[in-house]
$ cat protein.cif   # mmCIF, N, CA and C atoms
data_model
#
loop_
_atom_site.label_atom_id
_atom_site.label_comp_id
_atom_site.auth_asym_id
_atom_site.auth_seq_id
_atom_site.Cartn_x
_atom_site.Cartn_y
_atom_site.Cartn_z
N MET M 6 0.85 -1.17 0.00
CA MET M 6 0.00 0.00 0.00
C MET M 6 0.90 1.23 0.00
N SER M 7 0.61 2.16 -0.90
CA SER M 7 1.44 3.35 -0.98
C SER M 7 1.15 4.29 0.18
N GLU M 8 2.08 5.22 0.40
CA GLU M 8 1.91 6.21 1.46
C GLU M 8 0.66 7.05 1.21
N HIS M 9 0.40 7.38 -0.07
CA HIS M 9 -0.79 8.17 -0.40
C HIS M 9 -2.07 7.42 -0.03
N THR M 10 -2.06 6.12 -0.28
CA THR M 10 -3.24 5.32 0.06
C THR M 10 -3.44 5.27 1.56
N LYS M 11 -2.36 5.13 2.32
CA LYS M 11 -2.46 5.10 3.78
C LYS M 11 -3.02 6.41 4.34
N ASN M 12 -2.65 7.53 3.72
CA ASN M 12 -3.07 8.84 4.20
C ASN M 12 -4.48 9.21 3.77
N PHE M 13 -5.04 8.52 2.81
CA PHE M 13 -6.38 8.82 2.31
C PHE M 13 -7.41 8.26 3.28
N GLN M 14 -8.21 9.13 3.88
CA GLN M 14 -9.21 8.74 4.86
C GLN M 14 -10.60 9.19 4.41
N PRO M 15 -11.22 8.48 3.47
CA PRO M 15 -12.53 8.89 2.98
C PRO M 15 -13.62 8.75 4.05
N PHE M 16 -14.62 9.60 3.97
CA PHE M 16 -15.73 9.59 4.92
C PHE M 16 -16.78 8.54 4.57
N TYR M 17 -17.05 8.36 3.28
CA TYR M 17 -18.17 7.54 2.85
C TYR M 17 -17.86 6.06 2.68
N PHE M 18 -16.60 5.71 2.62
CA PHE M 18 -16.26 4.31 2.37
C PHE M 18 -14.87 4.00 2.92
N SER M 19 -14.59 2.71 2.99
CA SER M 19 -13.22 2.27 3.30
C SER M 19 -12.60 1.80 1.99
N LEU M 20 -11.30 1.95 1.91
CA LEU M 20 -10.56 1.56 0.71
C LEU M 20 -9.62 0.44 1.08
N GLU M 21 -9.76 -0.69 0.37
CA GLU M 21 -8.91 -1.85 0.61
C GLU M 21 -8.15 -2.16 -0.67
N PRO M 22 -6.87 -1.79 -0.73
CA PRO M 22 -6.09 -2.14 -1.92
C PRO M 22 -5.91 -3.65 -2.02
N ASN M 23 -6.07 -4.17 -3.22
CA ASN M 23 -5.86 -5.59 -3.49
C ASN M 23 -5.00 -5.65 -4.74
N GLY M 24 -3.69 -5.47 -4.55
CA GLY M 24 -2.80 -5.37 -5.69
C GLY M 24 -3.11 -4.10 -6.44
N LYS M 25 -3.42 -4.23 -7.73
CA LYS M 25 -3.74 -3.07 -8.56
C LYS M 25 -5.23 -2.73 -8.54
N ILE M 26 -5.99 -3.48 -7.74
CA ILE M 26 -7.44 -3.29 -7.66
C ILE M 26 -7.78 -2.56 -6.36
N ALA M 27 -8.67 -1.58 -6.46
CA ALA M 27 -9.17 -0.89 -5.27
C ALA M 27 -10.54 -1.44 -4.93
N VAL M 28 -10.68 -1.99 -3.72
CA VAL M 28 -11.97 -2.47 -3.25
C VAL M 28 -12.54 -1.40 -2.32
N VAL M 29 -13.68 -0.87 -2.70
CA VAL M 29 -14.36 0.18 -1.95
C VAL M 29 -15.56 -0.43 -1.24
N ARG M 30 -15.65 -0.20 0.07
CA ARG M 30 -16.78 -0.70 0.85
C ARG M 30 -17.47 0.49 1.51
N PHE M 31 -18.71 0.72 1.12
CA PHE M 31 -19.46 1.86 1.64
C PHE M 31 -19.77 1.66 3.12
N LYS M 32 -19.78 2.76 3.87
CA LYS M 32 -19.99 2.73 5.31
C LYS M 32 -21.42 3.05 5.73
N HIS M 33 -22.22 3.62 4.82
CA HIS M 33 -23.54 4.12 5.18
C HIS M 33 -24.64 3.32 4.47
N PRO M 34 -25.73 2.99 5.19
CA PRO M 34 -26.79 2.17 4.59
C PRO M 34 -27.64 2.90 3.55
N ARG M 35 -27.67 4.23 3.60
CA ARG M 35 -28.45 5.00 2.63
C ARG M 35 -27.57 6.09 2.05
N LEU M 36 -27.53 6.14 0.75
CA LEU M 36 -26.77 7.17 0.05
C LEU M 36 -27.77 8.06 -0.67
N SER M 37 -27.91 9.30 -0.20
CA SER M 37 -28.94 10.17 -0.75
C SER M 37 -28.46 11.62 -0.82
N GLU M 38 -29.34 12.49 -1.30
CA GLU M 38 -29.03 13.91 -1.42
C GLU M 38 -28.79 14.55 -0.06
N GLU M 39 -29.27 13.91 1.00
CA GLU M 39 -29.06 14.46 2.33
C GLU M 39 -27.57 14.43 2.69
N ASP M 40 -26.84 13.55 2.04
CA ASP M 40 -25.40 13.48 2.25
C ASP M 40 -24.73 14.49 1.34
N ASN M 41 -23.48 14.75 1.61
CA ASN M 41 -22.70 15.63 0.75
C ASN M 41 -22.21 14.81 -0.44
N ILE M 42 -23.06 14.73 -1.47
CA ILE M 42 -22.71 13.88 -2.60
C ILE M 42 -21.53 14.41 -3.39
N GLU M 43 -21.28 15.72 -3.30
CA GLU M 43 -20.09 16.25 -3.97
C GLU M 43 -18.84 15.68 -3.31
N GLN M 44 -18.86 15.55 -2.00
CA GLN M 44 -17.72 14.96 -1.29
C GLN M 44 -17.55 13.49 -1.68
N LEU M 45 -18.65 12.77 -1.79
CA LEU M 45 -18.58 11.37 -2.22
C LEU M 45 -17.95 11.28 -3.60
N GLY M 46 -18.39 12.12 -4.53
CA GLY M 46 -17.83 12.12 -5.88
C GLY M 46 -16.34 12.44 -5.86
N PHE M 47 -15.95 13.41 -5.05
CA PHE M 47 -14.54 13.77 -4.92
C PHE M 47 -13.73 12.58 -4.41
N GLU M 48 -14.25 11.91 -3.40
CA GLU M 48 -13.53 10.76 -2.82
C GLU M 48 -13.39 9.63 -3.83
N LEU M 49 -14.43 9.36 -4.60
CA LEU M 49 -14.35 8.31 -5.62
C LEU M 49 -13.34 8.66 -6.70
N MET M 50 -13.36 9.91 -7.16
CA MET M 50 -12.42 10.33 -8.21
C MET M 50 -10.99 10.36 -7.69
N HIS M 51 -10.81 10.62 -6.40
CA HIS M 51 -9.48 10.64 -5.79
C HIS M 51 -8.79 9.27 -5.95
N ILE M 52 -9.58 8.21 -5.86
CA ILE M 52 -9.03 6.86 -6.00
C ILE M 52 -8.35 6.69 -7.36
N VAL M 53 -8.96 7.27 -8.38
CA VAL M 53 -8.42 7.16 -9.75
C VAL M 53 -7.34 8.20 -9.98
N ASP M 54 -7.69 9.46 -9.77
CA ASP M 54 -6.81 10.56 -10.17
C ASP M 54 -5.59 10.75 -9.28
N GLN M 55 -5.73 10.51 -8.00
CA GLN M 55 -4.61 10.75 -7.09
C GLN M 55 -3.89 9.46 -6.69
N LEU M 56 -4.64 8.38 -6.54
CA LEU M 56 -4.03 7.12 -6.11
C LEU M 56 -3.66 6.22 -7.28
N GLY M 57 -4.22 6.49 -8.46
CA GLY M 57 -3.83 5.78 -9.67
C GLY M 57 -4.49 4.44 -9.92
N TYR M 58 -5.57 4.13 -9.21
CA TYR M 58 -6.27 2.86 -9.46
C TYR M 58 -7.12 2.98 -10.71
N THR M 59 -7.08 1.96 -11.55
CA THR M 59 -7.92 1.93 -12.75
C THR M 59 -8.88 0.75 -12.73
N GLN M 60 -8.80 -0.08 -11.72
CA GLN M 60 -9.75 -1.18 -11.53
C GLN M 60 -10.36 -0.99 -10.14
N ILE M 61 -11.65 -0.73 -10.13
CA ILE M 61 -12.33 -0.42 -8.86
C ILE M 61 -13.53 -1.32 -8.69
N ILE M 62 -13.63 -1.90 -7.51
CA ILE M 62 -14.79 -2.70 -7.13
C ILE M 62 -15.53 -1.94 -6.05
N LEU M 63 -16.81 -1.66 -6.28
CA LEU M 63 -17.64 -1.00 -5.29
C LEU M 63 -18.53 -2.05 -4.63
N SER M 64 -18.19 -2.40 -3.40
CA SER M 64 -19.04 -3.32 -2.64
C SER M 64 -20.17 -2.51 -2.02
N MET M 65 -21.38 -2.85 -2.39
CA MET M 65 -22.55 -2.15 -1.90
C MET M 65 -23.19 -2.88 -0.71
N LYS M 66 -22.44 -3.81 -0.13
CA LYS M 66 -22.96 -4.57 1.01
C LYS M 66 -23.36 -3.61 2.13
N GLY M 67 -24.57 -3.76 2.60
CA GLY M 67 -25.07 -2.90 3.67
C GLY M 67 -25.75 -1.64 3.18
N VAL M 68 -25.62 -1.31 1.90
CA VAL M 68 -26.30 -0.14 1.34
C VAL M 68 -27.71 -0.57 0.94
N GLU M 69 -28.69 0.01 1.59
CA GLU M 69 -30.08 -0.38 1.35
C GLU M 69 -30.73 0.44 0.25
N TRP M 70 -30.22 1.66 0.01
CA TRP M 70 -30.91 2.57 -0.89
C TRP M 70 -29.93 3.55 -1.50
N VAL M 71 -30.12 3.89 -2.76
CA VAL M 71 -29.35 4.94 -3.43
C VAL M 71 -30.32 5.82 -4.22
N THR M 72 -29.98 7.08 -4.35
CA THR M 72 -30.82 8.01 -5.12
C THR M 72 -30.21 8.23 -6.50
N SER M 73 -30.94 8.92 -7.34
CA SER M 73 -30.46 9.19 -8.69
C SER M 73 -29.20 10.04 -8.68
N SER M 74 -29.05 10.92 -7.72
CA SER M 74 -27.83 11.73 -7.64
C SER M 74 -26.61 10.86 -7.35
N ILE M 75 -26.78 9.87 -6.52
CA ILE M 75 -25.69 8.94 -6.22
C ILE M 75 -25.38 8.13 -7.47
N LEU M 76 -26.41 7.67 -8.15
CA LEU M 76 -26.19 6.93 -9.39
C LEU M 76 -25.43 7.79 -10.39
N GLY M 77 -25.71 9.09 -10.41
CA GLY M 77 -24.98 9.99 -11.28
C GLY M 77 -23.49 10.00 -10.97
N LYS M 78 -23.14 9.96 -9.71
CA LYS M 78 -21.72 9.91 -9.31
C LYS M 78 -21.08 8.60 -9.76
N LEU M 79 -21.82 7.50 -9.67
CA LEU M 79 -21.30 6.21 -10.11
C LEU M 79 -21.12 6.18 -11.62
N ILE M 80 -22.07 6.77 -12.34
CA ILE M 80 -21.96 6.85 -13.80
C ILE M 80 -20.75 7.70 -14.18
N HIS M 81 -20.55 8.81 -13.49
CA HIS M 81 -19.40 9.67 -13.76
C HIS M 81 -18.09 8.91 -13.54
N LEU M 82 -18.01 8.16 -12.45
CA LEU M 82 -16.81 7.36 -12.17
C LEU M 82 -16.61 6.32 -13.27
N HIS M 83 -17.68 5.66 -13.67
CA HIS M 83 -17.60 4.63 -14.72
C HIS M 83 -17.08 5.22 -16.03
N ARG M 84 -17.64 6.35 -16.42
CA ARG M 84 -17.21 7.00 -17.67
C ARG M 84 -15.75 7.44 -17.59
N HIS M 85 -15.36 7.99 -16.44
CA HIS M 85 -13.97 8.42 -16.25
C HIS M 85 -13.02 7.23 -16.39
N LEU M 86 -13.38 6.12 -15.79
CA LEU M 86 -12.56 4.91 -15.89
C LEU M 86 -12.51 4.41 -17.33
N GLN M 87 -13.62 4.43 -18.02
CA GLN M 87 -13.64 3.98 -19.42
C GLN M 87 -12.69 4.80 -20.29
N ARG M 88 -12.63 6.11 -20.05
CA ARG M 88 -11.76 6.98 -20.85
C ARG M 88 -10.28 6.63 -20.68
N ILE M 89 -9.93 6.03 -19.55
CA ILE M 89 -8.53 5.67 -19.31
C ILE M 89 -8.34 4.15 -19.36
N ASN M 90 -9.27 3.46 -20.01
CA ASN M 90 -9.24 1.99 -20.15
C ASN M 90 -9.28 1.28 -18.80
N GLY M 91 -9.99 1.87 -17.86
CA GLY M 91 -10.16 1.25 -16.55
C GLY M 91 -11.44 0.45 -16.49
N GLU M 92 -11.68 -0.13 -15.32
CA GLU M 92 -12.86 -0.99 -15.15
C GLU M 92 -13.51 -0.71 -13.80
N LEU M 93 -14.82 -0.84 -13.77
CA LEU M 93 -15.60 -0.68 -12.55
C LEU M 93 -16.55 -1.85 -12.43
N ALA M 94 -16.62 -2.42 -11.23
CA ALA M 94 -17.60 -3.48 -10.95
C ALA M 94 -18.34 -3.11 -9.67
N LEU M 95 -19.64 -3.37 -9.66
CA LEU M 95 -20.45 -3.21 -8.47
C LEU M 95 -20.83 -4.60 -8.00
N CYS M 96 -20.83 -4.79 -6.68
CA CYS M 96 -21.18 -6.11 -6.17
C CYS M 96 -21.89 -5.99 -4.83
N GLU M 97 -22.46 -7.11 -4.41
CA GLU M 97 -23.15 -7.24 -3.13
C GLU M 97 -24.29 -6.23 -2.99
N LEU M 98 -25.11 -6.14 -4.04
CA LEU M 98 -26.23 -5.19 -4.05
C LEU M 98 -27.42 -5.75 -3.28
N ALA M 99 -27.98 -4.92 -2.43
CA ALA M 99 -29.20 -5.28 -1.70
C ALA M 99 -30.39 -5.23 -2.66
N PRO M 100 -31.48 -5.92 -2.33
CA PRO M 100 -32.64 -5.93 -3.22
C PRO M 100 -33.15 -4.53 -3.60
N GLY M 101 -33.14 -3.59 -2.67
CA GLY M 101 -33.60 -2.23 -2.98
C GLY M 101 -32.71 -1.55 -4.01
N VAL M 102 -31.41 -1.80 -3.94
CA VAL M 102 -30.48 -1.21 -4.89
C VAL M 102 -30.63 -1.90 -6.25
N VAL M 103 -30.84 -3.21 -6.24
CA VAL M 103 -31.07 -3.93 -7.49
C VAL M 103 -32.32 -3.38 -8.18
N ASP M 104 -33.38 -3.12 -7.41
CA ASP M 104 -34.61 -2.57 -7.98
C ASP M 104 -34.35 -1.22 -8.66
N VAL M 105 -33.59 -0.37 -7.99
CA VAL M 105 -33.27 0.95 -8.56
C VAL M 105 -32.46 0.77 -9.84
N MET M 106 -31.49 -0.14 -9.82
CA MET M 106 -30.67 -0.38 -11.01
C MET M 106 -31.52 -0.90 -12.17
N GLU M 107 -32.43 -1.80 -11.88
CA GLU M 107 -33.28 -2.36 -12.94
C GLU M 107 -34.27 -1.33 -13.45
N THR M 108 -34.88 -0.56 -12.56
CA THR M 108 -35.84 0.46 -12.96
C THR M 108 -35.19 1.50 -13.85
N SER M 109 -33.96 1.87 -13.51
CA SER M 109 -33.24 2.89 -14.30
C SER M 109 -32.48 2.27 -15.48
N ARG M 110 -32.59 0.96 -15.61
CA ARG M 110 -31.91 0.19 -16.67
C ARG M 110 -30.38 0.25 -16.58
N LEU M 111 -29.88 0.58 -15.41
CA LEU M 111 -28.43 0.64 -15.22
C LEU M 111 -27.82 -0.74 -14.97
N HIS M 112 -28.68 -1.74 -14.75
CA HIS M 112 -28.16 -3.09 -14.56
C HIS M 112 -27.48 -3.61 -15.83
N THR M 113 -27.79 -2.99 -16.98
CA THR M 113 -27.11 -3.38 -18.22
C THR M 113 -25.91 -2.47 -18.51
N TYR M 114 -25.82 -1.36 -17.84
CA TYR M 114 -24.73 -0.40 -18.03
C TYR M 114 -23.51 -0.77 -17.18
N PHE M 115 -23.76 -1.07 -15.92
CA PHE M 115 -22.69 -1.43 -14.99
C PHE M 115 -22.40 -2.92 -15.04
N CYS M 116 -21.17 -3.27 -14.71
CA CYS M 116 -20.81 -4.67 -14.47
C CYS M 116 -21.21 -4.96 -13.03
N ILE M 117 -22.24 -5.78 -12.86
CA ILE M 117 -22.74 -6.11 -11.52
C ILE M 117 -22.50 -7.59 -11.29
N LEU M 118 -21.77 -7.88 -10.21
CA LEU M 118 -21.40 -9.25 -9.88
C LEU M 118 -21.82 -9.57 -8.45
N PRO M 119 -21.91 -10.86 -8.11
CA PRO M 119 -22.38 -11.22 -6.78
C PRO M 119 -21.50 -10.73 -5.62
N GLY M 120 -20.17 -10.88 -5.76
CA GLY M 120 -19.31 -10.55 -4.63
C GLY M 120 -17.96 -10.00 -5.05
N VAL M 121 -17.17 -9.65 -4.05
CA VAL M 121 -15.84 -9.08 -4.29
C VAL M 121 -14.94 -10.10 -4.99
N GLU M 122 -14.96 -11.34 -4.54
CA GLU M 122 -14.08 -12.37 -5.13
C GLU M 122 -14.40 -12.58 -6.61
N GLU M 123 -15.69 -12.61 -6.95
CA GLU M 123 -16.08 -12.76 -8.35
C GLU M 123 -15.63 -11.55 -9.18
N SER M 124 -15.68 -10.38 -8.56
CA SER M 124 -15.26 -9.16 -9.26
C SER M 124 -13.76 -9.17 -9.52
N ILE M 125 -12.98 -9.59 -8.53
CA ILE M 125 -11.53 -9.71 -8.71
C ILE M 125 -11.23 -10.71 -9.81
N ALA M 126 -11.90 -11.85 -9.78
CA ALA M 126 -11.69 -12.87 -10.82
C ALA M 126 -12.04 -12.33 -12.20
N GLN M 127 -13.11 -11.54 -12.29
CA GLN M 127 -13.52 -10.95 -13.57
C GLN M 127 -12.42 -10.02 -14.10
N PHE M 128 -11.86 -9.20 -13.25
CA PHE M 128 -10.78 -8.30 -13.66
C PHE M 128 -9.56 -9.07 -14.10
N GLU M 129 -9.25 -10.13 -13.38
CA GLU M 129 -8.04 -10.91 -13.70
C GLU M 129 -8.17 -11.66 -15.02
N THR M 130 -9.39 -12.07 -15.37
CA THR M 130 -9.57 -12.79 -16.64
C THR M 130 -9.58 -11.84 -17.83
N GLN M 131 -9.77 -10.54 -17.60
CA GLN M 131 -9.81 -9.57 -18.67
C GLN M 131 -8.45 -8.99 -18.99
N LYS M 132 -7.41 -9.41 -18.30
CA LYS M 132 -6.06 -8.88 -18.54
C LYS M 132 -5.54 -9.28 -19.89
#
$ encode --input "protein.cif" --output "structure tokens"
Amino acid sequence: MSEHTKNFQPFYFSLEPNGKIAVVRFKHPRLSEEDNIEQLGFELMHIVDQLGYTQIILSMKGVEWVTSSILGKLIHLHRHLQRINGELALCELAPGVVDVMETSRLHTYFCILPGVEESIAQFETQK
């Protein structure tokens, strides 16, 4: 783990480096406009722009609900990663989050996998 990674203390999630892959685990059960979503977006982009990760797994375990503004931040992260040939996977989605993804048709846009291990394996097979 680099010194920059050790010093990065995000509010909304924990960051677990796994080699060249960043595993992000959200800390809050509801992600909504009531939160400082600009800060969340900044923290997510920091992983790519400052820490240099291009493969990111977002574990949504424990997140019961997300709003469209939060989805916008995830879409922005996904597009940013695509521009630099990076990859994003979402995993461990609760039923409420799956419903939102399906309703917004984002279940076909994002790579959604059952768990962190499956996501790591997916990244490793795409090398």
$ closest_residue --input "protein.cif" --among "M:Val53, M:Asn12, M:Leu45, M:Val105" --to "M:Arg88" --atoms "only C-alpha atoms"
M:Val53
$ residues_near_point --input "protein.cif" --point "(-7.7, -6.2, -6.5)" --cutoff "8 Å" --atoms "only N, CA and C atoms" --output "ChimeraX atom specification"
/M:21-28,60-62,124-126
$ resolve_selection --input "protein.cif" --expression "the PyMOL selection byres ((chain M and resi 96) around 5)" --output "PyMOL selection string"
chain M and resi 63-65+94-95+97-98+118-120
$ atom_distance --input "protein.cif" --atom1 "atom CA of M:Val121" --atom2 "atom CA of M:Val102"
16.6 Å
$ atom_distance --input "protein.cif" --atom1 "atom C of M:Glu107" --atom2 "atom CA of M:Leu49"
23.5 Å
$ select_by_dssp --input "protein.cif" --residues "chain M" --states "helix (DSSP H, G or I)" --output "ChimeraX atom specification"
/M:8-12,42-54,73-88,100-108,121-130
$ decode --input "protein.cif" --residues "stretch 95-118 of chain M" --atoms "N, CA and C atoms" --output "PDB file, in the first residue's frame"
ATOM      1  N   LEU M  95     -19.637  -3.370  -9.662  1.00  0.00           N
ATOM      2  CA  LEU M  95     -20.452  -3.210  -8.469  1.00  0.00           C
ATOM      3  C   LEU M  95     -20.828  -4.601  -7.996  1.00  0.00           C
ATOM      4  N   CYS M  96     -20.833  -4.793  -6.685  1.00  0.00           N
ATOM      5  CA  CYS M  96     -21.184  -6.115  -6.174  1.00  0.00           C
ATOM      6  C   CYS M  96     -21.895  -5.994  -4.832  1.00  0.00           C
ATOM      7  N   GLU M  97     -22.464  -7.111  -4.410  1.00  0.00           N
ATOM      8  CA  GLU M  97     -23.153  -7.243  -3.131  1.00  0.00           C
ATOM      9  C   GLU M  97     -24.286  -6.228  -2.986  1.00  0.00           C
ATOM     10  N   LEU M  98     -25.112  -6.139  -4.040  1.00  0.00           N
ATOM     11  CA  LEU M  98     -26.228  -5.195  -4.052  1.00  0.00           C
ATOM     12  C   LEU M  98     -27.424  -5.750  -3.285  1.00  0.00           C
ATOM     13  N   ALA M  99     -27.984  -4.916  -2.429  1.00  0.00           N
ATOM     14  CA  ALA M  99     -29.202  -5.276  -1.697  1.00  0.00           C
ATOM     15  C   ALA M  99     -30.391  -5.232  -2.659  1.00  0.00           C
ATOM     16  N   PRO M 100     -31.482  -5.915  -2.327  1.00  0.00           N
ATOM     17  CA  PRO M 100     -32.645  -5.930  -3.220  1.00  0.00           C
ATOM     18  C   PRO M 100     -33.151  -4.535  -3.604  1.00  0.00           C
ATOM     19  N   GLY M 101     -33.140  -3.590  -2.667  1.00  0.00           N
ATOM     20  CA  GLY M 101     -33.595  -2.231  -2.976  1.00  0.00           C
ATOM     21  C   GLY M 101     -32.712  -1.546  -4.006  1.00  0.00           C
ATOM     22  N   VAL M 102     -31.413  -1.799  -3.940  1.00  0.00           N
ATOM     23  CA  VAL M 102     -30.478  -1.215  -4.893  1.00  0.00           C
ATOM     24  C   VAL M 102     -30.631  -1.899  -6.248  1.00  0.00           C
ATOM     25  N   VAL M 103     -30.838  -3.205  -6.243  1.00  0.00           N
ATOM     26  CA  VAL M 103     -31.068  -3.933  -7.491  1.00  0.00           C
ATOM     27  C   VAL M 103     -32.319  -3.380  -8.178  1.00  0.00           C
ATOM     28  N   ASP M 104     -33.383  -3.123  -7.410  1.00  0.00           N
ATOM     29  CA  ASP M 104     -34.615  -2.566  -7.981  1.00  0.00           C
ATOM     30  C   ASP M 104     -34.353  -1.222  -8.655  1.00  0.00           C
ATOM     31  N   VAL M 105     -33.587  -0.365  -7.988  1.00  0.00           N
ATOM     32  CA  VAL M 105     -33.270   0.946  -8.561  1.00  0.00           C
ATOM     33  C   VAL M 105     -32.461   0.772  -9.845  1.00  0.00           C
ATOM     34  N   MET M 106     -31.495  -0.136  -9.823  1.00  0.00           N
ATOM     35  CA  MET M 106     -30.667  -0.384 -11.007  1.00  0.00           C
ATOM     36  C   MET M 106     -31.518  -0.899 -12.168  1.00  0.00           C
ATOM     37  N   GLU M 107     -32.429  -1.802 -11.879  1.00  0.00           N
ATOM     38  CA  GLU M 107     -33.278  -2.359 -12.936  1.00  0.00           C
ATOM     39  C   GLU M 107     -34.273  -1.333 -13.453  1.00  0.00           C
ATOM     40  N   THR M 108     -34.875  -0.564 -12.556  1.00  0.00           N
ATOM     41  CA  THR M 108     -35.837   0.456 -12.957  1.00  0.00           C
ATOM     42  C   THR M 108     -35.189   1.504 -13.853  1.00  0.00           C
ATOM     43  N   SER M 109     -33.955   1.874 -13.515  1.00  0.00           N
ATOM     44  CA  SER M 109     -33.243   2.890 -14.302  1.00  0.00           C
ATOM     45  C   SER M 109     -32.483   2.270 -15.478  1.00  0.00           C
ATOM     46  N   ARG M 110     -32.589   0.965 -15.613  1.00  0.00           N
ATOM     47  CA  ARG M 110     -31.911   0.191 -16.668  1.00  0.00           C
ATOM     48  C   ARG M 110     -30.381   0.252 -16.576  1.00  0.00           C
ATOM     49  N   LEU M 111     -29.882   0.582 -15.409  1.00  0.00           N
ATOM     50  CA  LEU M 111     -28.428   0.639 -15.223  1.00  0.00           C
ATOM     51  C   LEU M 111     -27.822  -0.736 -14.965  1.00  0.00           C
ATOM     52  N   HIS M 112     -28.679  -1.742 -14.754  1.00  0.00           N
ATOM     53  CA  HIS M 112     -28.161  -3.092 -14.559  1.00  0.00           C
ATOM     54  C   HIS M 112     -27.481  -3.609 -15.825  1.00  0.00           C
ATOM     55  N   THR M 113     -27.786  -2.990 -16.977  1.00  0.00           N
ATOM     56  CA  THR M 113     -27.112  -3.377 -18.217  1.00  0.00           C
ATOM     57  C   THR M 113     -25.913  -2.474 -18.509  1.00  0.00           C
ATOM     58  N   TYR M 114     -25.823  -1.359 -17.837  1.00  0.00           N
ATOM     59  CA  TYR M 114     -24.733  -0.399 -18.035  1.00  0.00           C
ATOM     60  C   TYR M 114     -23.514  -0.767 -17.180  1.00  0.00           C
ATOM     61  N   PHE M 115     -23.758  -1.067 -15.919  1.00  0.00           N
ATOM     62  CA  PHE M 115     -22.689  -1.427 -14.995  1.00  0.00           C
ATOM     63  C   PHE M 115     -22.395  -2.921 -15.039  1.00  0.00           C
ATOM     64  N   CYS M 116     -21.174  -3.268 -14.711  1.00  0.00           N
ATOM     65  CA  CYS M 116     -20.806  -4.668 -14.472  1.00  0.00           C
ATOM     66  C   CYS M 116     -21.214  -4.963 -13.029  1.00  0.00           C
ATOM     67  N   ILE M 117     -22.238  -5.784 -12.858  1.00  0.00           N
ATOM     68  CA  ILE M 117     -22.742  -6.112 -11.525  1.00  0.00           C
ATOM     69  C   ILE M 117     -22.501  -7.590 -11.288  1.00  0.00           C
ATOM     70  N   LEU M 118     -21.773  -7.877 -10.209  1.00  0.00           N
ATOM     71  CA  LEU M 118     -21.403  -9.247  -9.881  1.00  0.00           C
ATOM     72  C   LEU M 118     -21.825  -9.566  -8.452  1.00  0.00           C
TER      73      LEU M 118
END
